[in-house]
Amino acid sequence: MLRINSHRAYLLMATLLPNQGIKCTTNPASRVCSTGASAAYSGTFELAHKFQTSPDSWVLRFNLPDGRKHLGNDPMLPTCISVRYNGTSEKGEEKVLKKSYSPISHPSVDGFFDLLVKGYEIRPGGGVGTYLNSLKVGQQIEAGLKAERMMHGSTVVSRRWKRIGLVAGGTGVAPLIQIIRICLENPTDQTRIQLLSINRREEDILFRTELDRLASDHPDRFSVTYSLTSETRPGSFEGEAGRGTVEMVRQNLPPPAGGDGSTMIFVCGMDGFVATWGGPVGRAPPKADGTKGPKIQGPLEGLLKEAGFDESEVFKY
């Protein structure tokens, strides 16, 4: 188990155990038809490797079961899993908790997927991240593949827009890393991507070394800007200050394009963060089984509306 914060560790991990066949059992009865374009998939996944990337965050590698090459059903579409954990409700009663995680690995990687997980203090109704980070190599998690995400009428990301802007609040950067990889690693994709990563302190910036490397390797296609919200910032820090302003939008993201289909801004983070940038996300009524209804984008509000973007140019991830 590695506890180092370096790009070298991630590169090492990218070559470790790619086809070792660490066992994962699946329950055929749990495969149901999803509302997306692919069939849902559920099972137990065994931790193959892990390394620490910040004081409270880890990259965790889980191997896929024998016979399953990719986590998702299309190796060019973003993936997301729902992890199940036997915790407690906010009332302290025993309850199976669920939390969604988007892998940071490209969906086409063979035989595994990587999660970037931040651990929060275990409390009633929470603690899934801390549970995951406490796992030892060889232990298993229960998780299910979620339906492919529909983004303004399509699940496709690569070669769909000329310009992509990404606004990440803290751990919200994790799902956006996969979008970056999908576009940059497609040799026929010329999309220009700008990432704005907003964190409290410099040490809270997740996956910074890897993001900086991607920017260095693709200077004409990818750039990243960091902003810190803490009032005390290191004198050596080069970046923005604050949670967000219209001027920050104009300086670090693609400009609005009048809804002509050439530009998309993705916003990902805690509910309050997303609301500040693009307006709150709603939910449809609960499903028949009592689980939460699907997310609803809701009207565009906040900084991106003030900056002149059209609703069709913003997706609250």
# chains A, B, ... in the order shown; residues from 1 in each chain; ligands from 1

$ residues_around --residues "A:Arg68" --least-positions-apart "4" --cutoff "9 Å" --atoms "only C-alpha atoms" --output "VMD selection string"
chain A and resid 64 110 to 111

$ write_last_selection --atoms "N, CA, C and O atoms" --output "PDB file, in the first residue's frame"
ATOM      1  N   LEU A  64     -12.054  -5.652 -12.034  1.00  0.00           N
ATOM      2  CA  LEU A  64     -13.330  -6.120 -12.558  1.00  0.00           C
ATOM      3  C   LEU A  64     -13.393  -7.636 -12.521  1.00  0.00           C
ATOM      4  O   LEU A  64     -12.356  -8.314 -12.458  1.00  0.00           O
ATOM      5  N   ASP A 110      -8.674  -1.636 -19.227  1.00  0.00           N
ATOM      6  CA  ASP A 110      -8.990  -3.056 -19.268  1.00  0.00           C
ATOM      7  C   ASP A 110      -8.848  -3.701 -17.886  1.00  0.00           C
ATOM      8  O   ASP A 110      -7.755  -3.763 -17.330  1.00  0.00           O
ATOM      9  N   GLY A 111      -9.967  -4.133 -17.295  1.00  0.00           N
ATOM     10  CA  GLY A 111      -9.919  -4.980 -16.118  1.00  0.00           C
ATOM     11  C   GLY A 111      -9.980  -4.306 -14.766  1.00  0.00           C
ATOM     12  O   GLY A 111      -9.948  -4.985 -13.746  1.00  0.00           O
TER      13      GLY A 111
END

$ residues_around --residues "A:Gly308" --least-positions-apart "4" --cutoff "10 Å" --atoms "only C-alpha atoms" --output "list of chain:residue names"
A:Val246, A:Arg250, A:Pro255, A:Pro256, A:Ala257, A:Gly258, A:Leu303, A:Leu304

$ closest_residue --among "A:Gly119, A:Gly302, A:Gly92, A:Gly125" --to "A:Thr53" --atoms "only C-alpha atoms"
A:Gly119

$ residues_around --residues "A:Thr79" --least-positions-apart "5" --cutoff "8 Å" --atoms "only C-alpha atoms" --output "list of chain:residue names"
A:Leu71, A:Gly72, A:Ser102, A:Pro103, A:Pro107, A:Leu145, A:Lys146, A:Glu148, A:Arg149

$ atom_distance --atom1 "atom CA of A:Lys316" --atom2 "atom CA of A:Gln297"
6.4 Å

$ atom_distance --atom1 "atom CA of A:Gly269" --atom2 "atom CA of A:Phe315"
12.2 Å

$ closest_residue --among "A:Gly235, A:Pro299, A:Gly169, A:Pro187" --to "A:Asp271" --atoms "only C-alpha atoms"
A:Gly169

$ closest_residue --among "A:Glu247, A:Val173, A:Pro234, A:His152" --to "A:Gly259" --atoms "only C-alpha atoms"
A:His152

$ residues_around --residues "A:Glu90" --least-positions-apart "5" --cutoff "10 Å" --atoms "only C-alpha atoms" --output "list in words"
Lys95, Arg123, Pro124, Gly125 and Gly126 of chain A

$ write_last_selection --atoms "N, CA, C and O atoms" --output "PDB file, in the first residue's frame"
ATOM      1  N   LYS A  95     -29.020   1.224   8.524  1.00  0.00           N
ATOM      2  CA  LYS A  95     -29.499   1.526   7.181  1.00  0.00           C
ATOM      3  C   LYS A  95     -28.397   1.276   6.169  1.00  0.00           C
ATOM      4  O   LYS A  95     -27.215   1.495   6.456  1.00  0.00           O
ATOM      5  N   ARG A 123     -20.494   9.780  10.492  1.00  0.00           N
ATOM      6  CA  ARG A 123     -21.620  10.354  11.239  1.00  0.00           C
ATOM      7  C   ARG A 123     -22.881   9.626  10.821  1.00  0.00           C
ATOM      8  O   ARG A 123     -22.910   8.951   9.791  1.00  0.00           O
ATOM      9  N   PRO A 124     -23.942   9.737  11.603  1.00  0.00           N
ATOM     10  CA  PRO A 124     -25.209   9.118  11.197  1.00  0.00           C
ATOM     11  C   PRO A 124     -25.652   9.640   9.830  1.00  0.00           C
ATOM     12  O   PRO A 124     -25.690  10.847   9.600  1.00  0.00           O
ATOM     13  N   GLY A 125     -25.921   8.721   8.915  1.00  0.00           N
ATOM     14  CA  GLY A 125     -26.339   9.095   7.569  1.00  0.00           C
ATOM     15  C   GLY A 125     -25.197   9.316   6.606  1.00  0.00           C
ATOM     16  O   GLY A 125     -25.418   9.663   5.443  1.00  0.00           O
ATOM     17  N   GLY A 126     -23.938   9.131   7.037  1.00  0.00           N
ATOM     18  CA  GLY A 126     -22.784   9.362   6.164  1.00  0.00           C
ATOM     19  C   GLY A 126     -21.628   8.449   6.509  1.00  0.00           C
ATOM     20  O   GLY A 126     -21.766   7.476   7.249  1.00  0.00           O
TER      21      GLY A 126
END

$ closest_residue --among "A:Ile81, A:Ala168, A:Ala174, A:Val274" --to "A:Gly144" --atoms "only C-alpha atoms"
A:Ile81

$ select_by_dssp --residues "stretch 71-304 of chain A" --states "alpha helix (DSSP H)" --output "JSON, numbers by chain"
{"A": [128, 129, 130, 131, 132, 133, 173, 174, 175, 176, 177, 178, 179, 180, 181, 182, 183, 184, 208, 209, 210, 211, 212, 213, 214, 215, 216, 217, 246, 247, 248, 249, 250, 251, 252, 271, 272, 273, 274, 275, 276, 277, 278, 302, 303, 304]}

$ residues_around --residues "A:Leu116" --least-positions-apart "6" --cutoff "7 Å" --atoms "only C-alpha atoms" --output "list in words"
Trp58, Val59, Leu60, Ile104 and Ala174 of chain A

$ atom_distance --atom1 "atom CA of A:Thr291" --atom2 "atom CA of A:Val96"
11.6 Å
